[in-house]
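What follows is start07.cif (mmCIF, C-alpha atoms and all ligand atoms; chains and numbers go by the auth columns).
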data_target
loop_
_atom_site.group_PDB
_atom_site.id
_atom_site.type_symbol
_atom_site.label_atom_id
_atom_site.label_comp_id
_atom_site.label_asym_id
_atom_site.label_seq_id
_atom_site.Cartn_x
_atom_site.Cartn_y
_atom_site.Cartn_z
_atom_site.B_iso_or_equiv
_atom_site.auth_seq_id
_atom_site.auth_asym_id
ATOM 1 C CA MET A 1 35.843 -96.576 -0.769 0.00 1 A
ATOM 2 C CA SER A 2 34.439 -96.472 2.722 0.00 2 A
ATOM 3 C CA GLY A 3 37.188 -98.311 4.586 0.00 3 A
ATOM 4 C CA VAL A 4 40.240 -96.990 6.347 0.00 4 A
ATOM 5 C CA LEU A 5 43.900 -97.732 5.597 0.00 5 A
ATOM 6 C CA ILE A 6 46.348 -97.630 8.506 0.00 6 A
ATOM 7 C CA THR A 7 50.022 -98.288 7.741 0.00 7 A
ATOM 8 C CA PHE A 8 52.874 -99.278 10.035 0.00 8 A
ATOM 9 C CA GLU A 9 56.310 -97.883 9.248 0.00 9 A
ATOM 10 C CA GLY A 10 59.725 -97.685 10.849 0.00 10 A
ATOM 11 C CA VAL A 11 63.183 -99.226 10.810 0.00 11 A
ATOM 12 C CA GLU A 12 63.843 -102.946 11.253 0.00 12 A
ATOM 13 C CA GLY A 13 62.944 -104.225 14.694 0.00 13 A
ATOM 14 C CA SER A 14 60.993 -101.120 15.687 0.00 14 A
ATOM 15 C CA GLY A 15 57.937 -103.204 16.630 0.00 15 A
ATOM 16 C CA LYS A 16 55.695 -102.760 13.577 0.00 16 A
ATOM 17 C CA THR A 17 54.559 -106.377 13.350 0.00 17 A
ATOM 18 C CA THR A 18 54.142 -106.724 17.119 0.00 18 A
ATOM 19 C CA GLN A 19 51.997 -103.616 17.362 0.00 19 A
ATOM 20 C CA MET A 20 49.973 -104.356 14.235 0.00 20 A
ATOM 21 C CA MET A 21 48.893 -107.716 15.632 0.00 21 A
ATOM 22 C CA ARG A 22 48.014 -106.168 18.995 0.00 22 A
ATOM 23 C CA LEU A 23 46.018 -103.390 17.379 0.00 23 A
ATOM 24 C CA GLU A 24 44.178 -105.856 15.183 0.00 24 A
ATOM 25 C CA ARG A 25 43.065 -107.898 18.209 0.00 25 A
ATOM 26 C CA TRP A 26 41.933 -104.765 20.003 0.00 26 A
ATOM 27 C CA LEU A 27 39.982 -103.416 17.010 0.00 27 A
ATOM 28 C CA ARG A 28 38.274 -106.788 16.552 0.00 28 A
ATOM 29 C CA ARG A 29 37.238 -106.835 20.195 0.00 29 A
ATOM 30 C CA GLN A 30 35.525 -103.538 19.509 0.00 30 A
ATOM 31 C CA GLY A 31 33.567 -105.177 16.731 0.00 31 A
ATOM 32 C CA ARG A 32 35.424 -103.632 13.823 0.00 32 A
ATOM 33 C CA LYS A 33 36.016 -105.610 10.666 0.00 33 A
ATOM 34 C CA VAL A 34 39.775 -105.676 10.233 0.00 34 A
ATOM 35 C CA GLU A 35 42.159 -107.109 7.639 0.00 35 A
ATOM 36 C CA HIS A 36 45.927 -107.173 7.871 0.00 36 A
ATOM 37 C CA THR A 37 48.567 -107.456 5.202 0.00 37 A
ATOM 38 C CA ARG A 38 52.155 -106.535 4.501 0.00 38 A
ATOM 39 C CA GLU A 39 54.554 -105.366 1.834 0.00 39 A
ATOM 40 C CA PRO A 40 56.064 -106.463 -0.358 0.00 40 A
ATOM 41 C CA ASP A 41 54.693 -109.956 0.187 0.00 41 A
ATOM 42 C CA GLY A 42 50.991 -109.260 0.673 0.00 42 A
ATOM 43 C CA THR A 43 50.286 -111.014 -2.636 0.00 43 A
ATOM 44 C CA ARG A 44 51.730 -114.032 -4.409 0.00 44 A
ATOM 45 C CA LEU A 45 53.435 -111.738 -6.907 0.00 45 A
ATOM 46 C CA GLY A 46 54.865 -109.629 -4.086 0.00 46 A
ATOM 47 C CA ALA A 47 56.178 -112.720 -2.322 0.00 47 A
ATOM 48 C CA GLU A 48 57.971 -113.630 -5.560 0.00 48 A
ATOM 49 C CA VAL A 49 59.484 -110.133 -5.670 0.00 49 A
ATOM 50 C CA ARG A 50 60.763 -110.580 -2.137 0.00 50 A
ATOM 51 C CA ARG A 51 62.224 -113.977 -3.042 0.00 51 A
ATOM 52 C CA LEU A 52 63.876 -112.465 -6.103 0.00 52 A
ATOM 53 C CA PHE A 53 65.762 -110.012 -3.877 0.00 53 A
ATOM 54 C CA GLU A 54 67.230 -112.953 -1.961 0.00 54 A
ATOM 55 C CA ARG A 55 68.454 -114.901 -5.007 0.00 55 A
ATOM 56 C CA PRO A 56 72.248 -115.223 -5.184 0.00 56 A
ATOM 57 C CA GLY A 57 73.748 -112.976 -7.842 0.00 57 A
ATOM 58 C CA VAL A 58 70.686 -110.718 -8.064 0.00 58 A
ATOM 59 C CA GLN A 59 71.917 -107.158 -7.528 0.00 59 A
ATOM 60 C CA PRO A 60 69.249 -104.693 -8.591 0.00 60 A
ATOM 61 C CA GLN A 61 70.154 -101.076 -9.224 0.00 61 A
ATOM 62 C CA PRO A 62 68.470 -98.704 -6.761 0.00 62 A
ATOM 63 C CA LEU A 63 65.861 -97.629 -9.305 0.00 63 A
ATOM 64 C CA VAL A 64 65.233 -101.290 -10.161 0.00 64 A
ATOM 65 C CA GLU A 65 64.456 -101.898 -6.489 0.00 65 A
ATOM 66 C CA VAL A 66 61.957 -99.080 -6.743 0.00 66 A
ATOM 67 C CA PHE A 67 60.295 -100.576 -9.835 0.00 67 A
ATOM 68 C CA LEU A 68 60.066 -104.019 -8.241 0.00 68 A
ATOM 69 C CA PHE A 69 58.489 -102.665 -5.064 0.00 69 A
ATOM 70 C CA MET A 70 56.102 -100.560 -7.130 0.00 70 A
ATOM 71 C CA ALA A 71 55.081 -103.621 -9.139 0.00 71 A
ATOM 72 C CA ALA A 72 54.356 -105.461 -5.900 0.00 72 A
ATOM 73 C CA ARG A 73 52.472 -102.428 -4.568 0.00 73 A
ATOM 74 C CA GLN A 74 50.166 -102.027 -7.528 0.00 74 A
ATOM 75 C CA GLN A 75 49.313 -105.716 -7.392 0.00 75 A
ATOM 76 C CA HIS A 76 48.722 -105.430 -3.645 0.00 76 A
ATOM 77 C CA VAL A 77 46.351 -102.482 -4.017 0.00 77 A
ATOM 78 C CA ALA A 78 44.455 -104.148 -6.858 0.00 78 A
ATOM 79 C CA GLU A 79 44.170 -107.607 -5.294 0.00 79 A
ATOM 80 C CA LYS A 80 43.644 -106.803 -1.648 0.00 80 A
ATOM 81 C CA ILE A 81 43.695 -103.254 -0.362 0.00 81 A
ATOM 82 C CA ARG A 82 41.187 -101.616 -2.681 0.00 82 A
ATOM 83 C CA PRO A 83 38.662 -104.476 -2.522 0.00 83 A
ATOM 84 C CA TRP A 84 38.861 -104.443 1.292 0.00 84 A
ATOM 85 C CA LEU A 85 38.440 -100.686 1.431 0.00 85 A
ATOM 86 C CA ASP A 86 35.463 -100.974 -0.922 0.00 86 A
ATOM 87 C CA ARG A 87 33.916 -103.384 1.588 0.00 87 A
ATOM 88 C CA GLY A 88 34.437 -100.893 4.393 0.00 88 A
ATOM 89 C CA ARG A 89 37.191 -102.761 6.211 0.00 89 A
ATOM 90 C CA VAL A 90 39.839 -101.327 8.489 0.00 90 A
ATOM 91 C CA VAL A 91 42.994 -102.365 6.610 0.00 91 A
ATOM 92 C CA LEU A 92 46.298 -102.609 8.490 0.00 92 A
ATOM 93 C CA SER A 93 49.445 -102.811 6.355 0.00 93 A
ATOM 94 C CA ASP A 94 52.895 -103.640 7.694 0.00 94 A
ATOM 95 C CA ARG A 95 54.798 -101.145 5.487 0.00 95 A
ATOM 96 C CA TYR A 96 53.407 -99.351 2.418 0.00 96 A
ATOM 97 C CA ALA A 97 54.261 -96.406 0.145 0.00 97 A
ATOM 98 C CA ASP A 98 56.391 -94.466 2.670 0.00 98 A
ATOM 99 C CA ALA A 99 58.791 -97.400 2.986 0.00 99 A
ATOM 100 C CA THR A 100 60.006 -96.935 -0.596 0.00 100 A
ATOM 101 C CA VAL A 101 60.613 -93.231 -0.023 0.00 101 A
ATOM 102 C CA ALA A 102 62.574 -94.022 3.151 0.00 102 A
ATOM 103 C CA TYR A 103 64.538 -97.082 1.959 0.00 103 A
ATOM 104 C CA GLN A 104 65.172 -96.474 -1.727 0.00 104 A
ATOM 105 C CA GLY A 105 64.947 -92.675 -1.492 0.00 105 A
ATOM 106 C CA TYR A 106 66.820 -91.714 1.664 0.00 106 A
ATOM 107 C CA GLY A 107 68.591 -95.072 2.068 0.00 107 A
ATOM 108 C CA ARG A 108 69.734 -95.667 -1.512 0.00 108 A
ATOM 109 C CA GLY A 109 69.724 -92.150 -2.929 0.00 109 A
ATOM 110 C CA VAL A 110 66.894 -92.345 -5.479 0.00 110 A
ATOM 111 C CA ASP A 111 65.136 -88.962 -5.877 0.00 111 A
ATOM 112 C CA PRO A 112 62.261 -89.052 -3.343 0.00 112 A
ATOM 113 C CA ASP A 113 60.064 -87.008 -5.684 0.00 113 A
ATOM 114 C CA VAL A 114 60.412 -89.655 -8.393 0.00 114 A
ATOM 115 C CA ILE A 115 59.354 -92.261 -5.837 0.00 115 A
ATOM 116 C CA ARG A 116 56.376 -90.178 -4.738 0.00 116 A
ATOM 117 C CA GLU A 117 55.270 -89.840 -8.343 0.00 117 A
ATOM 118 C CA LEU A 118 55.577 -93.587 -8.928 0.00 118 A
ATOM 119 C CA ASN A 119 53.727 -94.229 -5.660 0.00 119 A
ATOM 120 C CA THR A 120 50.816 -92.168 -6.942 0.00 120 A
ATOM 121 C CA ARG A 121 50.682 -94.353 -10.050 0.00 121 A
ATOM 122 C CA ALA A 122 51.211 -97.648 -8.265 0.00 122 A
ATOM 123 C CA THR A 123 48.607 -97.005 -5.580 0.00 123 A
ATOM 124 C CA GLY A 124 46.085 -95.374 -7.905 0.00 124 A
ATOM 125 C CA GLY A 125 45.876 -92.692 -5.232 0.00 125 A
ATOM 126 C CA VAL A 126 45.102 -95.081 -2.370 0.00 126 A
ATOM 127 C CA MET A 127 47.156 -93.355 0.305 0.00 127 A
ATOM 128 C CA PRO A 128 47.047 -94.217 4.001 0.00 128 A
ATOM 129 C CA ASP A 129 44.471 -92.442 6.135 0.00 129 A
ATOM 130 C CA LEU A 130 46.794 -92.833 9.094 0.00 130 A
ATOM 131 C CA THR A 131 50.426 -93.889 9.362 0.00 131 A
ATOM 132 C CA LEU A 132 52.043 -95.016 12.594 0.00 132 A
ATOM 133 C CA LEU A 133 55.767 -94.328 12.499 0.00 133 A
ATOM 134 C CA PHE A 134 57.694 -96.371 15.044 0.00 134 A
ATOM 135 C CA ASP A 135 60.843 -94.407 15.675 0.00 135 A
ATOM 136 C CA LEU A 136 63.838 -96.192 17.154 0.00 136 A
ATOM 137 C CA ASP A 137 67.620 -96.030 17.017 0.00 137 A
ATOM 138 C CA PRO A 138 68.341 -98.619 14.313 0.00 138 A
ATOM 139 C CA ALA A 139 71.204 -100.054 16.398 0.00 139 A
ATOM 140 C CA GLU A 140 68.585 -101.040 18.984 0.00 140 A
ATOM 141 C CA GLY A 141 66.232 -102.350 16.281 0.00 141 A
ATOM 142 C CA LEU A 142 68.944 -104.542 14.805 0.00 142 A
ATOM 143 C CA ARG A 143 69.828 -105.816 18.284 0.00 143 A
ATOM 144 C CA ARG A 144 66.207 -106.857 18.739 0.00 144 A
ATOM 145 C CA ILE A 145 66.183 -108.944 15.567 0.00 145 A
ATOM 146 C CA ARG A 146 69.602 -110.517 16.091 0.00 146 A
ATOM 147 C CA GLY A 147 69.311 -114.252 15.607 0.00 147 A
ATOM 148 C CA ARG A 148 66.647 -113.964 12.931 0.00 148 A
ATOM 149 C CA ARG A 149 67.508 -114.910 9.379 0.00 149 A
ATOM 150 C CA LEU A 150 68.027 -111.432 7.950 0.00 150 A
ATOM 151 C CA ASP A 151 66.890 -110.301 4.511 0.00 151 A
ATOM 152 C CA ARG A 152 68.721 -108.132 1.996 0.00 152 A
ATOM 153 C CA PHE A 153 67.721 -104.877 3.691 0.00 153 A
ATOM 154 C CA GLU A 154 68.158 -106.018 7.266 0.00 154 A
ATOM 155 C CA ARG A 155 71.738 -106.990 6.419 0.00 155 A
ATOM 156 C CA GLU A 156 72.613 -103.443 5.299 0.00 156 A
ATOM 157 C CA ALA A 157 75.136 -101.396 7.292 0.00 157 A
ATOM 158 C CA LEU A 158 74.014 -99.292 10.225 0.00 158 A
ATOM 159 C CA ALA A 159 74.655 -96.096 8.217 0.00 159 A
ATOM 160 C CA PHE A 160 71.983 -97.202 5.721 0.00 160 A
ATOM 161 C CA HIS A 161 69.453 -97.761 8.492 0.00 161 A
ATOM 162 C CA ARG A 162 70.266 -94.369 9.969 0.00 162 A
ATOM 163 C CA ARG A 163 69.486 -92.726 6.610 0.00 163 A
ATOM 164 C CA VAL A 164 66.227 -94.669 6.474 0.00 164 A
ATOM 165 C CA ARG A 165 65.290 -93.444 9.942 0.00 165 A
ATOM 166 C CA ARG A 166 66.090 -89.869 8.927 0.00 166 A
ATOM 167 C CA GLY A 167 63.978 -90.356 5.799 0.00 167 A
ATOM 168 C CA TYR A 168 60.990 -91.465 7.830 0.00 168 A
ATOM 169 C CA LEU A 169 61.374 -88.431 10.085 0.00 169 A
ATOM 170 C CA GLU A 170 61.442 -86.177 7.004 0.00 170 A
ATOM 171 C CA ILE A 171 58.264 -87.789 5.703 0.00 171 A
ATOM 172 C CA ARG A 172 56.640 -87.154 9.036 0.00 172 A
ATOM 173 C CA ARG A 173 57.768 -83.524 9.069 0.00 173 A
ATOM 174 C CA ALA A 174 56.130 -82.977 5.681 0.00 174 A
ATOM 175 C CA GLU A 175 52.892 -84.786 6.600 0.00 175 A
ATOM 176 C CA SER A 176 52.553 -84.527 10.344 0.00 176 A
ATOM 177 C CA LYS A 177 48.767 -84.894 10.303 0.00 177 A
ATOM 178 C CA ARG A 178 48.794 -88.259 8.543 0.00 178 A
ATOM 179 C CA VAL A 179 52.036 -89.598 10.015 0.00 179 A
ATOM 180 C CA ARG A 180 52.074 -89.993 13.790 0.00 180 A
ATOM 181 C CA LEU A 181 55.403 -90.447 15.523 0.00 181 A
ATOM 182 C CA ILE A 182 55.651 -93.105 18.204 0.00 182 A
ATOM 183 C CA HIS A 183 58.721 -93.474 20.388 0.00 183 A
ATOM 184 C CA ALA A 184 59.326 -97.186 20.012 0.00 184 A
ATOM 185 C CA ALA A 185 62.081 -97.684 22.593 0.00 185 A
ATOM 186 C CA ARG A 186 59.547 -98.078 25.397 0.00 186 A
ATOM 187 C CA PRO A 187 58.087 -101.409 26.556 0.00 187 A
ATOM 188 C CA PRO A 188 55.553 -103.023 24.183 0.00 188 A
ATOM 189 C CA ALA A 189 52.561 -102.378 26.467 0.00 189 A
ATOM 190 C CA VAL A 190 53.390 -98.673 26.708 0.00 190 A
ATOM 191 C CA VAL A 191 53.760 -98.399 22.943 0.00 191 A
ATOM 192 C CA GLU A 192 50.499 -100.319 22.509 0.00 192 A
ATOM 193 C CA ALA A 193 48.614 -97.911 24.757 0.00 193 A
ATOM 194 C CA GLU A 194 49.822 -94.968 22.717 0.00 194 A
ATOM 195 C CA VAL A 195 48.884 -96.691 19.464 0.00 195 A
ATOM 196 C CA ARG A 196 45.370 -97.258 20.802 0.00 196 A
ATOM 197 C CA ALA A 197 45.063 -93.640 21.895 0.00 197 A
ATOM 198 C CA ILE A 198 46.137 -92.383 18.466 0.00 198 A
ATOM 199 C CA VAL A 199 43.797 -94.746 16.633 0.00 199 A
ATOM 200 C CA GLU A 200 40.880 -93.895 18.926 0.00 200 A
ATOM 201 C CA GLU A 201 41.459 -90.217 18.325 0.00 201 A
ATOM 202 C CA PHE A 202 41.663 -90.891 14.599 0.00 202 A
ATOM 203 C CA PHE A 203 38.301 -92.703 14.563 0.00 203 A
ATOM 204 C CA ARG A 204 36.678 -89.966 16.620 0.00 204 A
ATOM 205 C CA GLY A 205 37.754 -87.432 14.026 0.00 205 A
ATOM 206 C CA ALA A 206 37.064 -89.630 10.970 0.00 206 A
HETATM 207 N N1 LIG B . 58.717 -102.207 22.553 0.00 1 B
HETATM 208 C C1 LIG B . 59.552 -103.267 22.459 0.00 1 B
HETATM 209 N N2 LIG B . 60.582 -103.402 23.306 0.00 1 B
HETATM 210 C C2 LIG B . 61.420 -104.448 23.212 0.00 1 B
HETATM 211 N N3 LIG B . 61.333 -105.428 22.282 0.00 1 B
HETATM 212 C C3 LIG B . 60.323 -105.342 21.401 0.00 1 B
HETATM 213 C C4 LIG B . 59.381 -104.255 21.432 0.00 1 B
HETATM 214 N N4 LIG B . 58.491 -104.439 20.422 0.00 1 B
HETATM 215 C C5 LIG B . 58.860 -105.560 19.796 0.00 1 B
HETATM 216 N N5 LIG B . 59.941 -106.120 20.379 0.00 1 B
HETATM 217 C C6 LIG B . 60.658 -107.343 19.955 0.00 1 B
HETATM 218 O O1 LIG B . 61.610 -106.926 18.992 0.00 1 B
HETATM 219 C C7 LIG B . 61.626 -107.815 17.890 0.00 1 B
HETATM 220 C C8 LIG B . 61.223 -107.061 16.630 0.00 1 B
HETATM 221 O O2 LIG B . 59.847 -106.678 16.716 0.00 1 B
HETATM 222 P P1 LIG B . 58.916 -106.686 15.432 0.00 1 B
HETATM 223 O O3 LIG B . 57.556 -106.349 15.870 0.00 1 B
HETATM 224 O O4 LIG B . 59.111 -107.943 14.658 0.00 1 B
HETATM 225 O O5 LIG B . 59.567 -105.447 14.627 0.00 1 B
HETATM 226 P P2 LIG B . 59.450 -105.040 13.097 0.00 1 B
HETATM 227 O O6 LIG B . 58.215 -105.717 12.561 0.00 1 B
HETATM 228 O O7 LIG B . 59.324 -103.558 13.135 0.00 1 B
HETATM 229 O O8 LIG B . 60.714 -105.480 12.424 0.00 1 B
HETATM 230 C C9 LIG B . 60.692 -108.951 18.237 0.00 1 B
HETATM 231 O O9 LIG B . 61.453 -109.986 18.814 0.00 1 B
HETATM 232 C C10 LIG B . 59.750 -108.337 19.266 0.00 1 B
HETATM 233 O O10 LIG B . 59.267 -109.276 20.158 0.00 1 B
HETATM 234 MG MG MG B . 58.032 -106.991 10.923 0.00 2 B
#
If you convert what's in this file into structure tokens, what do you get?
Amino acid sequence: MSGVLITFEGVEGSGKTTQMMRLERWLRRQGRKVEHTREPDGTRLGAEVRRLFERPGVQPQPLVEVFLFMAARQQHVAEKIRPWLDRGRVVLSDRYADATVAYQGYGRGVDPDVIRELNTRATGGVMPDLTLLFDLDPAEGLRRIRGRRLDRFEREALAFHRRVRRGYLEIRRAESKRVRLIHAARPPAVVEAEVRAIVEEFFRGA
């Protein structure tokens, strides 16, 4: 595997999708071969998992949520991420393994170590080379996405999103070399400049 996997994490509305698209354009202008994808719906199977969560009357137990996301993740790695990495691509993923630790672990109370273990299985060891963590007060994030049709997780109470944010910060504390913290409350162009600086530094060291 000669490619590079960069993941985008953070609470709802923190600017992950916005910044991923901007970074992709910038990397392409530099002549890099880039692919972008997202979880859980980066594959057909994953999209079905996401749809399943939205079905009326479907109320998965927390550990069932974990299993469903892991199923989507393994399919995602097998169908897209690993083949792209094998071809030397820069792969950008809007959420990945850390999201399950933050949402189902810290948010829903599943043992984070169990999730880490399952992540190792589901990814076959394909962990991100670099993770950009967009940190924002979830109240502000939810304000930003007001008016959108919200999914099962976006509709959760603020207290849930605060636990998720705390979870992400814990992940970053444990792996501060891989996970880079970005203060996401600033204007998009300012955030973008910092993202570029971090990614440039990463490629210089890679
Ligand atoms: N730095 C920013 N400041 C203010 N609004 C932003 C910023 N970044 C993104 N937005 C807006 O906030 C909303 C959520 O951004 P988005 O990139 O979709 O977040 P996420 O993918 O993390 O949920 C969008 O309407 C987007 O235009
Ligand atoms: Mg998004």
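The space separating atom CA of Gly13 of chain A from atom N4 of ligand LIG 1 (chain B) comes to 7.3 Å.
The smallest atom-to-atom distance between Ile115 of chain A and any of A:Leu150, A:Ala139, A:Ile81, A:Val64, using all atoms listed in the file, is found for A:Val64.
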Hey, which residues sit close to ligand MG 2 (chain B)? Say within 8 Å, counting only C-alpha atoms and all ligand atoms, and write them as an mmCIF file with C-alpha atoms, keeping the file's coordinate frame.
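part-v3.cif, written as the output of this step:
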data_model
loop_
_atom_site.group_PDB
_atom_site.id
_atom_site.type_symbol
_atom_site.label_atom_id
_atom_site.label_comp_id
_atom_site.auth_asym_id
_atom_site.auth_seq_id
_atom_site.Cartn_x
_atom_site.Cartn_y
_atom_site.Cartn_z
ATOM 1 C CA GLU A 12 63.843 -102.946 11.253
ATOM 2 C CA GLY A 13 62.944 -104.225 14.694
ATOM 3 C CA GLY A 15 57.937 -103.204 16.630
ATOM 4 C CA LYS A 16 55.695 -102.760 13.577
ATOM 5 C CA THR A 17 54.559 -106.377 13.350
ATOM 6 C CA THR A 18 54.142 -106.724 17.119
ATOM 7 C CA ASP A 94 52.895 -103.640 7.694
#
field: Selection within 10 Å of ligand LIG 1 (chain B) by all atoms listed in the file, output as a VMD selection string
entry: chain A and resid 8 to 21 94 to 95 133 to 136 140 to 148 154 183 to 192
field: One-decimal distance in Å that lies between atom CA of Arg108 of chain A and atom CA of Leu63 of chain A
entry: 8.9 Å
task: Point out the residue among A:Arg89, A:Arg172, A:Arg149, A:Arg166 with the least atom-to-atom distance to Lys33 of chain A, counting all atoms listed in the file.
output: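 Closest to Lys33 of chain A of all the choices is A:Arg89.
The closest residue to Ser93 of chain A, picked from A:Val34, A:Ile182, A:Leu169, A:Ala193 and counting only C-alpha atoms, is A:Val34.
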message: Ranking A:Val4, A:Val58, A:Val199, A:Ala47 by minimum distance to Leu132 of chain A and counting only C-alpha atoms, which one comes first?
response: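 Nearest to Leu132 of chain A: A:Val199.
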message: Please compute the atom CA of Gln74 of chain A-atom CA of Val126 of chain A distance, one decimal, in Å.
response: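 These two atoms are separated by 10.0 Å.
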message: Under the PyMOL selection byres (((chain A and resi 75) around 10) and not hetatm), which residues of this model are included? Write them out as a list in words.
response: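 Written out, the selection comes to Pro40, Gly42, Thr43, Arg44, Leu45, Gly46, Phe69, Met70, Ala71, Ala72, Arg73, Gln74, His76, Val77, Ala78, Glu79, Lys80, Ile81, Ala122 and Thr123 of chain A.
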Selection to disk with C-alpha atoms, as an mmCIF file, keeping the file's coordinate frame:
data_model
loop_
_atom_site.group_PDB
_atom_site.id
_atom_site.type_symbol
_atom_site.label_atom_id
_atom_site.label_comp_id
_atom_site.auth_asym_id
_atom_site.auth_seq_id
_atom_site.Cartn_x
_atom_site.Cartn_y
_atom_site.Cartn_z
ATOM 1 C CA PRO A 40 56.064 -106.463 -0.358
ATOM 2 C CA GLY A 42 50.991 -109.260 0.673
ATOM 3 C CA THR A 43 50.286 -111.014 -2.636
ATOM 4 C CA ARG A 44 51.730 -114.032 -4.409
ATOM 5 C CA LEU A 45 53.435 -111.738 -6.907
ATOM 6 C CA GLY A 46 54.865 -109.629 -4.086
ATOM 7 C CA PHE A 69 58.489 -102.665 -5.064
ATOM 8 C CA MET A 70 56.102 -100.560 -7.130
ATOM 9 C CA ALA A 71 55.081 -103.621 -9.139
ATOM 10 C CA ALA A 72 54.356 -105.461 -5.900
ATOM 11 C CA ARG A 73 52.472 -102.428 -4.568
ATOM 12 C CA GLN A 74 50.166 -102.027 -7.528
ATOM 13 C CA HIS A 76 48.722 -105.430 -3.645
ATOM 14 C CA VAL A 77 46.351 -102.482 -4.017
ATOM 15 C CA ALA A 78 44.455 -104.148 -6.858
ATOM 16 C CA GLU A 79 44.170 -107.607 -5.294
ATOM 17 C CA LYS A 80 43.644 -106.803 -1.648
ATOM 18 C CA ILE A 81 43.695 -103.254 -0.362
ATOM 19 C CA ALA A 122 51.211 -97.648 -8.265
ATOM 20 C CA THR A 123 48.607 -97.005 -5.580
#
